[in-house]
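Student: Quick one, work.csv (CSV, C-alpha atoms):
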```csv
chain,number,residue,atom,x,y,z
A,1,MET,CA,-95.7,-118.2,114.1
A,2,GLN,CA,-94.9,-114.8,112.7
A,3,ARG,CA,-91.9,-114.2,110.5
A,4,ILE,CA,-89.9,-111.0,110.9
A,5,GLU,CA,-87.6,-109.6,108.2
A,6,LEU,CA,-84.1,-108.8,109.3
A,7,GLN,CA,-81.2,-106.8,107.8
A,8,ILE,CA,-77.5,-106.8,108.5
A,9,ALA,CA,-76.7,-104.0,111.0
A,10,ASP,CA,-73.1,-104.8,111.8
A,11,ILE,CA,-70.3,-107.3,111.8
A,12,ALA,CA,-67.8,-106.7,114.6
A,13,PRO,CA,-65.0,-108.7,116.3
A,14,SER,CA,-66.2,-110.6,119.3
A,15,GLY,CA,-64.8,-109.2,122.5
A,16,SER,CA,-64.5,-112.6,124.3
A,17,SER,CA,-63.7,-115.1,121.6
A,18,SER,CA,-60.5,-114.9,119.6
A,19,GLY,CA,-61.1,-115.1,115.9
A,20,ALA,CA,-64.9,-114.9,116.3
A,21,TYR,CA,-67.2,-112.2,115.1
A,22,ALA,CA,-70.6,-110.9,116.0
A,23,LEU,CA,-73.0,-110.8,113.1
A,24,VAL,CA,-75.8,-108.4,114.2
A,25,LEU,CA,-79.1,-108.6,112.4
A,26,GLN,CA,-81.8,-106.0,113.1
A,27,GLU,CA,-85.5,-105.9,112.4
A,28,VAL,CA,-86.3,-104.1,109.2
A,29,GLU,CA,-89.4,-102.6,110.9
A,30,GLY,CA,-88.2,-102.3,114.5
A,31,THR,CA,-85.3,-101.8,116.7
A,32,ARG,CA,-84.5,-105.2,118.1
A,33,ARG,CA,-81.2,-106.7,117.3
A,34,LEU,CA,-80.2,-110.3,117.0
A,35,PRO,CA,-76.4,-110.9,117.7
A,36,ILE,CA,-75.0,-114.2,116.3
A,37,VAL,CA,-71.5,-115.3,116.9
A,38,ILE,CA,-69.8,-116.5,113.6
A,39,GLY,CA,-66.4,-117.5,112.5
A,40,GLY,CA,-63.8,-115.2,110.9
A,41,THR,CA,-64.1,-116.9,107.5
A,42,GLU,CA,-67.9,-116.5,107.3
A,43,ALA,CA,-67.6,-112.9,108.6
A,44,GLN,CA,-65.1,-112.1,105.8
A,45,ALA,CA,-67.4,-113.8,103.2
A,46,ILE,CA,-70.3,-111.5,104.3
A,47,ALA,CA,-68.2,-108.4,104.5
A,48,ILE,CA,-66.6,-108.9,101.1
A,49,GLU,CA,-70.0,-109.0,99.4
A,50,LEU,CA,-71.4,-106.1,101.4
A,51,GLU,CA,-68.4,-104.0,100.4
A,52,LYS,CA,-68.7,-105.1,96.8
A,53,MET,CA,-65.1,-106.3,96.8
A,54,THR,CA,-64.0,-108.8,94.2
A,55,PRO,CA,-61.5,-111.4,95.4
A,56,SER,CA,-58.9,-112.7,92.9
A,57,ARG,CA,-60.4,-116.2,93.1
A,58,PRO,CA,-64.1,-117.0,93.8
A,59,LEU,CA,-64.9,-117.8,97.5
A,60,THR,CA,-67.1,-120.7,98.3
A,61,HIS,CA,-70.2,-118.6,98.5
A,62,ASP,CA,-69.3,-117.0,95.1
A,63,LEU,CA,-68.9,-120.5,93.7
A,64,PHE,CA,-72.4,-121.4,95.0
A,65,ARG,CA,-73.8,-118.3,93.3
A,66,SER,CA,-72.1,-119.1,90.0
A,67,PHE,CA,-73.4,-122.7,90.2
A,68,ALA,CA,-76.9,-121.6,90.9
A,69,HIS,CA,-77.0,-119.0,88.1
A,70,THR,CA,-75.5,-121.5,85.6
A,71,PHE,CA,-78.3,-124.0,86.3
A,72,ASN,CA,-81.1,-121.4,86.7
A,73,ILE,CA,-81.6,-121.9,90.5
A,74,GLU,CA,-83.1,-119.0,92.3
A,75,VAL,CA,-82.5,-118.3,96.0
A,76,ASP,CA,-85.8,-116.8,97.3
A,77,GLU,CA,-85.1,-116.2,101.0
A,78,VAL,CA,-83.3,-117.3,104.1
A,79,VAL,CA,-85.1,-118.2,107.2
A,80,ILE,CA,-83.6,-118.6,110.7
A,81,TYR,CA,-86.2,-121.0,112.0
A,82,ASN,CA,-84.9,-122.3,115.4
A,83,LEU,CA,-82.7,-121.6,118.4
A,84,VAL,CA,-81.5,-124.5,120.6
A,85,GLU,CA,-79.0,-124.0,123.4
A,86,GLY,CA,-77.6,-120.9,121.8
A,87,ILE,CA,-77.3,-122.4,118.3
A,88,PHE,CA,-79.2,-120.8,115.5
A,89,PHE,CA,-80.7,-123.0,112.7
A,90,ALA,CA,-81.4,-121.7,109.2
A,91,LYS,CA,-82.7,-122.8,105.9
A,92,ILE,CA,-82.2,-121.5,102.4
A,93,HIS,CA,-85.4,-121.5,100.3
A,94,ALA,CA,-84.6,-122.0,96.6
A,95,SER,CA,-86.5,-122.7,93.5
A,96,HIS,CA,-85.8,-124.3,90.1
A,97,ASN,CA,-88.3,-124.8,87.2
A,98,GLY,CA,-91.2,-124.2,89.5
A,99,LYS,CA,-90.1,-126.6,92.2
A,100,SER,CA,-89.3,-125.1,95.7
A,101,VAL,CA,-86.8,-126.7,98.1
A,102,GLU,CA,-85.5,-125.9,101.6
A,103,ILE,CA,-81.8,-126.5,102.2
A,104,ASP,CA,-80.5,-126.7,105.7
A,105,ALA,CA,-77.5,-124.4,106.3
A,106,ARG,CA,-75.4,-122.8,109.1
A,107,THR,CA,-76.8,-119.4,109.7
A,108,SER,CA,-73.6,-117.6,108.8
A,109,ASP,CA,-73.5,-119.5,105.4
A,110,ALA,CA,-77.1,-118.7,104.8
A,111,VAL,CA,-76.6,-115.0,105.4
A,112,ALA,CA,-73.5,-115.0,103.1
A,113,ILE,CA,-75.6,-116.6,100.4
A,114,ALA,CA,-78.5,-114.1,101.0
A,115,VAL,CA,-76.3,-111.1,100.5
A,116,ARG,CA,-75.0,-112.6,97.2
A,117,PHE,CA,-78.6,-113.2,95.9
A,118,ASN,CA,-80.0,-110.0,97.4
A,119,CYS,CA,-82.8,-112.0,99.0
A,120,PRO,CA,-84.6,-111.3,102.3
A,121,ILE,CA,-83.6,-112.8,105.6
A,122,PHE,CA,-86.3,-113.7,108.0
A,123,CYS,CA,-86.6,-115.2,111.5
A,124,HIS,CA,-89.5,-116.5,113.5
A,125,ASP,CA,-90.8,-114.1,116.2
A,126,PHE,CA,-90.0,-116.5,119.1
A,127,ILE,CA,-86.3,-116.3,118.2
A,128,LEU,CA,-86.2,-112.5,118.5
A,129,ASP,CA,-88.3,-112.8,121.7
A,130,GLN,CA,-85.7,-115.2,123.2
A,131,ALA,CA,-82.4,-113.8,121.8
A,132,GLY,CA,-83.1,-110.3,120.6
A,133,VAL,CA,-81.7,-107.3,122.4
A,134,SER,CA,-84.4,-104.5,122.5
A,135,ALA,CA,-83.9,-100.8,122.5
A,136,GLU,CA,-85.4,-100.7,126.0
A,137,GLU,CA,-82.8,-103.1,127.3
A,138,ALA,CA,-80.1,-101.1,125.8
A,139,GLU,CA,-81.3,-97.9,127.6
A,140,ALA,CA,-81.8,-99.6,130.9
A,141,GLY,CA,-79.6,-98.2,133.6
A,142,GLN,CA,-78.3,-95.4,131.3
A,143,GLU,CA,-77.6,-93.0,134.2
A,144,GLU,CA,-75.4,-95.6,136.1
A,145,GLU,CA,-71.6,-95.3,135.9
A,146,ASP,CA,-69.5,-97.9,134.2
A,147,GLU,CA,-67.0,-98.2,137.1
A,148,SER,CA,-69.5,-100.2,139.1
A,149,LEU,CA,-69.7,-102.9,136.4
A,150,VAL,CA,-68.1,-106.4,136.9
A,151,ASP,CA,-66.9,-108.7,134.2
A,152,LEU,CA,-69.6,-111.4,133.5
A,153,ASP,CA,-66.8,-113.7,132.3
A,154,GLU,CA,-65.4,-113.8,135.8
A,155,LEU,CA,-68.7,-114.7,137.4
A,156,THR,CA,-69.8,-118.2,138.4
A,157,GLU,CA,-73.4,-119.3,138.2
A,158,THR,CA,-73.6,-120.4,141.8
A,159,THR,CA,-72.0,-117.4,143.5
A,160,ASP,CA,-71.2,-114.1,141.9
A,161,ALA,CA,-73.8,-114.1,139.2
A,162,GLY,CA,-76.5,-114.8,141.7
A,163,SER,CA,-75.4,-111.9,143.8
A,164,LEU,CA,-76.0,-109.3,141.0
A,165,THR,CA,-79.3,-107.5,141.0
A,166,LEU,CA,-81.5,-107.2,137.9
A,167,ASP,CA,-80.5,-103.5,137.8
A,168,GLU,CA,-76.8,-104.4,137.8
A,169,LEU,CA,-77.3,-106.9,135.0
A,170,GLN,CA,-79.1,-104.3,133.0
A,171,ARG,CA,-76.3,-101.8,133.5
A,172,GLN,CA,-73.9,-104.6,132.3
A,173,LEU,CA,-76.1,-105.1,129.2
A,174,LYS,CA,-76.1,-101.3,128.5
A,175,ASN,CA,-72.3,-101.2,128.8
A,176,ALA,CA,-71.8,-104.3,126.6
A,177,LEU,CA,-74.0,-102.7,123.9
A,178,ASP,CA,-72.2,-99.4,124.1
A,179,ARG,CA,-68.9,-101.3,123.5
A,180,GLU,CA,-70.6,-103.3,120.7
A,181,ASP,CA,-69.7,-106.5,122.6
A,182,TYR,CA,-72.7,-108.4,121.3
A,183,GLU,CA,-71.6,-111.8,122.5
A,184,LYS,CA,-71.5,-110.6,126.1
A,185,ALA,CA,-74.7,-108.7,125.6
A,186,SER,CA,-76.4,-111.9,124.5
A,187,ARG,CA,-75.3,-113.7,127.6
A,188,LEU,CA,-76.5,-110.9,129.8
A,189,ARG,CA,-79.8,-110.7,128.0
A,190,ASP,CA,-80.3,-114.4,128.6
A,191,GLU,CA,-79.5,-114.0,132.3
A,192,ILE,CA,-82.0,-111.1,132.6
A,193,HIS,CA,-84.7,-113.1,130.8
A,194,LYS,CA,-84.1,-116.0,133.2
A,195,ARG,CA,-84.5,-113.8,136.2
A,196,GLU,CA,-87.7,-112.3,134.7
A,197,GLY,CA,-89.1,-115.8,134.2
A,198,GLN,CA,-89.2,-115.6,130.4
```
Please express what this file holds, its structure, as structure tokens.
Tutor:
Amino acid sequence: MQRIELQIADIAPSGSSSGAYALVLQEVEGTRRLPIVIGGTEAQAIAIELEKMTPSRPLTHDLFRSFAHTFNIEVDEVVIYNLVEGIFFAKIHASHNGKSVEIDARTSDAVAIAVRFNCPIFCHDFILDQAGVSAEEAEAGQEEEDESLVDLDELTETTDAGSLTLDELQRQLKNALDREDYEKASRLRDEIHKREGQ
């Protein structure tokens, strides 16, 4: 299983879930993007650190950093190691006095910790294969007009979704990426992969 290093490409409000955000991670040496839906609190925690803002009181992740530094605990890396039914699983790899440990964490919390410790973020290749949005998918159907697009949220699996062609789904994906609606893009990508037998 190959590990792929990721970097934060964007944090944007989720178009379809109130209060949710899309954390978009991108390959350091590539163009695939991995959209992950996270809560507003976690999005704020990541954004505050990326913008080098200092809150008046320490946030939870800042408290973790202070605790770790006080007791000489190093955070070495974060690894997104699994994806089950749309839920990402992550571990924080830390070390203390030569002993290494893995700590289970929500992906959003793991990324918030990673930015505070300036440590790398990795994921296994199969996760990007399943949930990544490639540059080729983003360019598919580029010449088609947006007015022919239908809202995926209004589709049902048994009727309307089944009536869309693969080209129509790819146009939907292109439109969602252009609007930075990564949550919708993720669902469209999953439907396209299902159609292609992946």
Student: Restricting the calculation to all atoms listed in the file, which member of A:Ala110, A:Ala20, A:Ile8, A:Asn72 is positioned closest to Asn97 in chain A?
Tutor: A:Asn72
Student: Could you please determine the separation between CA of Arg32 in chain A and CA of Val133 in chain A in Å, to one decimal place?
Tutor: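 So the two atoms, CA of Arg32 in chain A and CA of Val133 in chain A, lie 5.5 Å apart.
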Student: Got a sec: who's within 9 Å of Ile113 in chain A, counting all atoms listed in the file, leaving out chain neighbours fewer than 3 positions off, as a PyMOL selection string?
Tutor: chain A and resi 46+61-62+64-65+75+78+92+108-110+116-119
Student: Tell me which of A:Phe122, A:Phe89, A:Tyr81, A:Leu128 sits closest to Gln7 in chain A, counting only C-alpha atoms.
Tutor: A:Phe122
Student: Compare A:Glu77, A:Arg3, A:Leu83, A:Val111 by their minimum atom-to-atom distance to Gln44 in chain A, counting only C-alpha atoms, and give me the closest one.
Tutor: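 Smallest separation from Gln44 in chain A among the options: A:Val111.
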Student: Which residue gives the smallest distance to Leu25 in chain A among A:Glu51, A:Ala68, A:Pro120, A:Leu59, with all atoms listed in the file counted?
Tutor: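 Looking only at the distances to Leu25 in chain A, the closest residue turns out to be A:Pro120.
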Student: Please provide as a PyMOL selection string all residues within 6 Å of Val24 in chain A, with the sequence filter that same-chain residues fewer than 5 positions apart are discarded (counting all atoms listed in the file).
Tutor: chain A and resi 9-10+34-35
Student: Please report the interatomic distance between CA of Pro13 in chain A and CA of Ala45 in chain A in Å with one decimal.
Tutor: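 Pair CA of Pro13 in chain A / CA of Ala45 in chain A returns 14.3 Å.
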Student: Do a neighbour search on Ser95 in chain A at 9 Å with all atoms listed in the file, toss out local chain neighbours closer than 5 positions, and write the hits as a ChimeraX atom specification.
Tutor: /A:72-76,100-102
Student: Work out how far apart CA of Ala114 in chain A and CA of Lys52 in chain A are and give it in Å to one decimal.
Tutor: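 So the answer is 14.0 Å.
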Student: Find the residues near His124 in chain A: any atom within 9 Å, counting all atoms listed in the file, skip ones fewer than 4 places away on the same chain, and give them as a list in words.
Tutor: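 Counting only the stated atoms, we get Met1, Gln2, Arg3, Ile4, Glu5, Val79, Ile80, Tyr81, Asn82 and Leu128 of chain A.
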Student: Nearest to Gly40 in chain A: which of A:Leu63, A:Ala90, A:Ile11, A:Val28 is it, counting only C-alpha atoms?
Tutor: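 The shortest atom-to-atom distance to Gly40 in chain A comes from A:Ile11.
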Student: From the list A:Thr31, A:Thr165, A:Thr70, A:Ser134, which residue is nearest His96 in chain A when using all atoms listed in the file?
Tutor: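 Result for the nearest residue to His96 in chain A: A:Thr70.
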